[in-house]
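Engineer: Below is one structure. I have some questions about it.
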Amino acid sequence: KGEMELLYEVKLVCQRMKEEMVRAILIEQIGNAKLRLQGMSQEDTSSPDQVETKVRLYALQHNEQAMNDLVARLAGLPEVFRVSWGKAT
């Protein structure tokens with residue numbers, strides 16, 4: 001029986017002016033956690049100085065600790081207003 005890939009989704013809202021820096025940290029953390037980026041999208045929020053980013057990630061096995069660590073790292077940034085993760089559907 002082959003390994004089943006899991007798909008996770010991270011949602012974060014950050015300062016529009018710092019979005020590029022936050023995205024660079026996010027991509028670095030994804031690599032450190034041995035996760036694979038499947039897709040990334042952005043949309044405006046109700047506040048003109050904020051942007052919401054949604055990231056879809058593949059994992060070859062359940063890796064909830066890596067997801068928790070990734071979110072904790074991002075949540076510690078002053079430029080990030082909200083961040084969460086869940087299993088993508």
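Chain lettering (A, B, ...) mirrors the order of the structure tokens, residue numbering begins at 1 for each chain separately, and ligand numbering begins at 1 in order of display.
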I'd like the contact shell of Gln15 (chain A) - 7 Å cut-off, only C-alpha atoms, skipping same-chain residues fewer than 3 positions apart - returned as an mmCIF file with N, CA and C atoms, in the first residue's frame.

Structural biologist:
```cif
data_model
loop_
_atom_site.group_PDB
_atom_site.id
_atom_site.type_symbol
_atom_site.label_atom_id
_atom_site.label_comp_id
_atom_site.auth_asym_id
_atom_site.auth_seq_id
_atom_site.Cartn_x
_atom_site.Cartn_y
_atom_site.Cartn_z
ATOM 1 N N LYS A 18 4.244 44.529 4.180
ATOM 2 C CA LYS A 18 5.241 43.530 4.605
ATOM 3 C C LYS A 18 4.940 42.140 4.049
ATOM 4 N N GLU A 19 3.986 42.046 3.137
ATOM 5 C CA GLU A 19 3.545 40.748 2.636
ATOM 6 C C GLU A 19 4.680 39.956 1.986
ATOM 7 N N ASP A 49 -5.019 48.075 4.196
ATOM 8 C CA ASP A 49 -3.593 47.881 4.497
ATOM 9 C C ASP A 49 -3.271 46.441 4.882
ATOM 10 N N GLN A 50 -4.216 45.517 4.669
ATOM 11 C CA GLN A 50 -3.993 44.108 4.987
ATOM 12 C C GLN A 50 -4.277 43.245 3.762
ATOM 13 N N VAL A 51 -3.646 42.071 3.730
ATOM 14 C CA VAL A 51 -3.874 41.110 2.646
ATOM 15 C C VAL A 51 -3.966 39.718 3.270
ATOM 16 N N GLU A 79 4.077 41.658 11.978
ATOM 17 C CA GLU A 79 3.378 42.009 10.738
ATOM 18 C C GLU A 79 2.167 41.112 10.471
ATOM 19 N N VAL A 80 2.071 39.997 11.209
ATOM 20 C CA VAL A 80 0.996 39.025 10.989
ATOM 21 C C VAL A 80 -0.119 39.266 12.010
#
```

Engineer: Based on DSSP run over this structure's backbone, return all residues of chain A in helix (DSSP H, G or I), as a list of chain:residue names.

Structural biologist: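 Of chain A, the ones in helix (DSSP H, G or I) are A:Arg16, A:Met17, A:Lys18, A:Glu19, A:Glu20, A:Met21, A:Val22, A:Arg23, A:Ala24, A:Ile25, A:Leu26, A:Ile27, A:Glu28, A:Gln29, A:Ile30, A:Gly31, A:Asn32, A:Glu64, A:Gln65, A:Ala66, A:Met67, A:Asn68, A:Asp69, A:Leu70, A:Val71, A:Ala72, A:Arg73, A:Leu74, A:Ala75.
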
Engineer: Determine the nearest neighbour of Ala88 (chain A) from the options A:Ser46, A:Gln29, A:Lys54, A:Ala66, counting only C-alpha atoms.

Structural biologist: A:Lys54

Engineer: Between A:Leu70, A:Thr45, A:Arg82, A:Lys11, which has the minimum distance to Glu28 (chain A) (counting only C-alpha atoms)?

Structural biologist: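 Smallest separation from Glu28 (chain A) among the options: A:Leu70.
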
Engineer: At a cut-off of 9 Å, using only C-alpha atoms, what residues contact Val10 (chain A)? Leave out same-chain residues fewer than 4 positions from it and give the result as a list of chain:residue names.

Structural biologist: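 Close residues of Val10 (chain A): A:Thr53, A:Lys54, A:Val55, A:Arg56, A:Leu57, A:Met67, A:Val71, A:Val83, A:Ser84, A:Trp85, A:Gly86, A:Lys87, A:Ala88.
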
Engineer: Using only C-alpha atoms, find the one residue out of A:Glu64, A:Ala72, A:Tyr58, A:Leu77 that sits nearest to Gly31 (chain A).

Structural biologist: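 Of all the options, A:Tyr58 lies closest to Gly31 (chain A).
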
Engineer: Where in chain A does DSSP assign strand (DSSP E or B), given as JSON, numbers by chain?

Structural biologist: {"A": [6, 7, 8, 9, 10, 11, 12, 13, 14, 15, 36, 37, 38, 39, 40, 41, 42, 43, 44, 50, 51, 52, 53, 54, 55, 56, 57, 58, 59, 80, 81, 82, 83, 84, 85, 86, 87]}

Engineer: CA of Asp69 (chain A) to CA of Ile30 (chain A): how many Å, to one decimal?

Structural biologist: 10.2 Å

Engineer: Which polymer residues have any atom within 9 Å of an atom of Arg73 (chain A), counting only C-alpha atoms, with same-chain residues fewer than 5 positions away left out, as number ranges by chain?

Structural biologist: A: 25-26, 29, 68

Engineer: Work out how far CA of Val22 (chain A) is from CA of Gly76 (chain A), in Å to one decimal.

Structural biologist: 11.1 Å

Engineer: Ranking A:Pro78, A:Glu5, A:Cys14, A:Thr89 by minimum distance to Gln42 (chain A) and counting only C-alpha atoms, which one comes first?

Structural biologist: A:Cys14

Engineer: Using only C-alpha atoms, find the one residue out of A:Lys34, A:Pro48, A:Gln61, A:Met40 that sits nearest to Met17 (chain A).

Structural biologist: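 Ranked by minimum distance to Met17 (chain A), first place goes to A:Pro48.
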